[in-house]
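Take a look at the structure below.
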Amino acid sequence: MSRYLATLLLTSSLACGSAFALPQHASPTSRATLLNSPHQKSAFANKRHCPSTSCSITSSSTELSMSLSGTAAAAKSLALSIPRAGGQTSLSSIVSSAKANPVALFDSLLIVLAMGAVGFKAVDKFTSASSDATSSADKEEKPAEVKSLQLKFLAAFWLLRCGYWMSGQYVVPAYKSKVFGGVEASMSLVSKIFLSGFAAIHPSFDTLCITYLMQFGPSIGQATDKYGRKAGTIAFALLYSLGCASIKSNTLWMLFAGRAVVGCALSLLFSAPEAWVAGEASRKNITKYLGETFGLAYTGDALVAIIASKLASWAASMRGVTGPFDLSIVFLAAGAVVSGLFWKENKAVAAAASSGNDAKGAAKKGSIKEAFDIVRGDQKLMLVGAVQSLFEAAMYVFILQWPNAVAGAVSAYFGEGAMTPFGTIFSCFMTCSLFGSLTFGKLLKRKNSMTESTATGMLAAAAVSMGAGAYLTAGATTS
């Protein structure tokens with residue numbers, strides 16, 4: 001059972017990786033409409049990928065080299081946990097250990113996936129070496145100010161993302177471990193707490209009363225533009241840390257409030273850091289390097305997620321399911337310190353004023369109504385938004401249900417009391433997501449290849465995987 005479940009979940013992760021790569025390869029016309037609109041920074045506060053078609057994970061040899069070395073290092077460190085006999089790894093001992101221990105099983109699976117990613121990137125790098133050699137003479141030296149900006153941005157960005165990734169996989173197990181009135185929290189209650197990060201809660205109703213944040217969410221992005229992107233980044237670290245601290249509470253209203261704070265923090269994470277580096281690049285007239293910068297950021301982010309998840313497993317083994325949240329706060333604080341010391345504040349309103357527009361006019365241009373009108377007037381934008389929204393809805397269902405499903409399968413296969421290494425499993429997911437993104441980039445290099453046809457195949461694979469997983473684990477996901 002656990003073998004089938006692992007296969008289904010990892011297949012879904014591969015499809016997810018391809019899905020998150022899709023916006024990077026959207027049509028130039030559609031992307032230009034999105035990126036050139038005045039309300040870009042506030043309306044897209046929840047974007048996940050860089051705003052440049054040149055940000056493909058496989059777009060540069062620099063990205064390939066960095067991810068290759070990082071994945072290889074992760075595989076090397078994980079290999080230390082495999083039993084060895086006489087100085088050499090015995091295949092039979094690995095298999096027997098994996099059958100007896102869920103931690104060894106998923107550690108072994110992660111190593112196999114990491115080796116596969118390394119092999120994939122090595123082959124891709126080898127096949128593209130000749131073309132890179134012919135064009136190397138045309139490459140210009142990167143200016144020192146670009147290197148400095150990338151170092152300042154990436155150091156803070158990866159620390160903050162590490163804190164973000166570290167806590168994610170233990171959110172549901174932590175909420176599920178709570179006891180209210182002598183009864184363990186149900187999945188229905190856990191879902192309501194989780195959704196409070198996206199909606200406002202009316203406390204006088206027994207059921208969850210949702211008022212979607214059509215004004216409050218985008219207003220966070222507008223406030224970041226007005227008061228400063230550096231301030232918004234530091235505010236994310238503070239708010240997310242408060243949300244992590246709230247996990248240790250056994251008071252229901254505190255858990256709801258903490259999750260709502262996390263929702264506000266995520267709006268800042270998905271807008272403030274990238275808006276800051278874009279503003280700095282514009283101020284220094286080096287915007288042509290933004291594609292490379294965001295490519296490095298999100299290639300490294302996949303590796304950061306893998307490492308953070310392994311650290312989360314270690315923290316959980318030491319301090320229980322709330323341990324990863326304590327460790328997350330450390331990385332968030334480090335990211336806030338780096339951005340606070342080395343980032344120079346920039347604001348969108350100041351940029352508008354320097355162009356001869358007053359602050360009031362700049363604010364009007366970023367209105368929600370204008371954003372809605374632009375999207376409504378472009379059928380392609382509406383369709384892309386609908387597809388991505390539906391996929392993300394399915395993904396959040398998956399996020400809520402996979403911990404219970406995997407824990408049930410682990411208990412059924414290894415016996416009651418077996419520890420489920422959620423962090424390591426999430427590392428496997430992220431490795432597959434990286435694999436999916438790399439595969440997507442490779443497919444697009446083929447002649448006559450179209451993003452739309454690739455997306456159709458990806459969505460079909462994801463639907464089959466999700467459906468099969470839901471069928472096989474129905475009993476484990478409804479409690």
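Here's how to read the names in the structure tokens: chain A, B, ... by the order shown, residue numbers from 1 in each chain, ligand numbers from 1 in the order shown.
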Practice task
Would you kindly return, as a PyMOL selection string, each protein, DNA or RNA residue with an atom no farther than 12 Å from any atom of Pro403 in chain A, considering only C-alpha atoms and excluding same-chain residues fewer than 3 positions away?
Solution key: chain A and resi 5-6+9+168-176+187+397-400+406-410+419-423+425-426+473+476-478
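Taking only C-alpha atoms, the non-local environment of Ala272 in chain A within 8 Å (same-chain residues fewer than 4 positions away omitted) comprises A:Gly221, A:Thr224, A:Arg229, A:Lys230, A:Gly232, A:Thr233, A:Leu268, A:Trp276.
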Write to file, as an mmCIF file, in the first residue's frame, the residues of the selection just made, with N, CA and C atoms.
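What landed in result.cif:
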```cif
data_model
loop_
_atom_site.group_PDB
_atom_site.id
_atom_site.type_symbol
_atom_site.label_atom_id
_atom_site.label_comp_id
_atom_site.auth_asym_id
_atom_site.auth_seq_id
_atom_site.Cartn_x
_atom_site.Cartn_y
_atom_site.Cartn_z
ATOM 1 N N GLY A 221 -0.093 44.296 -0.878
ATOM 2 C CA GLY A 221 0.875 44.627 -1.908
ATOM 3 C C GLY A 221 0.978 46.118 -2.141
ATOM 4 N N THR A 224 2.937 47.669 0.623
ATOM 5 C CA THR A 224 4.364 47.401 0.450
ATOM 6 C C THR A 224 4.981 48.395 -0.521
ATOM 7 N N ARG A 229 9.541 48.135 0.206
ATOM 8 C CA ARG A 229 9.646 46.691 -0.008
ATOM 9 C C ARG A 229 10.533 46.040 1.047
ATOM 10 N N LYS A 230 11.579 46.753 1.483
ATOM 11 C CA LYS A 230 12.421 46.228 2.558
ATOM 12 C C LYS A 230 11.602 46.068 3.840
ATOM 13 N N GLY A 232 8.418 45.645 3.991
ATOM 14 C CA GLY A 232 7.487 44.543 3.766
ATOM 15 C C GLY A 232 8.140 43.192 3.959
ATOM 16 N N THR A 233 9.390 43.066 3.543
ATOM 17 C CA THR A 233 10.114 41.807 3.714
ATOM 18 C C THR A 233 10.352 41.502 5.187
ATOM 19 N N LEU A 268 3.012 39.044 1.683
ATOM 20 C CA LEU A 268 4.251 39.816 1.661
ATOM 21 C C LEU A 268 5.399 39.019 1.056
ATOM 22 N N TRP A 276 11.394 44.367 -4.362
ATOM 23 C CA TRP A 276 12.581 45.116 -3.930
ATOM 24 C C TRP A 276 13.716 44.968 -4.936
#
```
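Every protein, DNA or RNA residue with an atom at most 8 Å from range 152-160 of chain A, where only C-alpha atoms count and chain neighbours fewer than 5 positions away do not, is listed here: Ala237, Pro273, Val277, Ala297, Gly300, Asp301, Val304, Phe331, Leu332, Ala334, Gly335, Ala336, Val338, Ser339, Phe342 and Trp343 of chain A.
Minimum atom-to-atom distance to Ser427 in chain A, evaluated using only C-alpha atoms, belongs to A:Asp107 out of A:Glu145, A:Asp124, A:Asp373, A:Asp107.
For the atom pair formed by CA of Gly228 in chain A and CA of Ala371 in chain A, the distance is 21.4 Å, given to one decimal.
Going from CA of Phe414 in chain A to CA of Leu472 in chain A covers 17.6 Å.
Residue nearest Leu151 in chain A, chosen from A:Gly263, A:Phe194, A:Thr293, A:Glu416 and counting only C-alpha atoms: A:Thr293.
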Handout entry: Ser196 in chain A environment, 8 Å, only C-alpha atoms, sequence neighbours closer than 5 positions dropped, as a ChimeraX atom specification
Key = /A:201,256-257,259-260,263
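The smallest atom-to-atom distance between Ser317 in chain A and any of A:Thr431, A:Thr424, A:Gln401, A:Ser267, using only C-alpha atoms, is found for A:Thr424.
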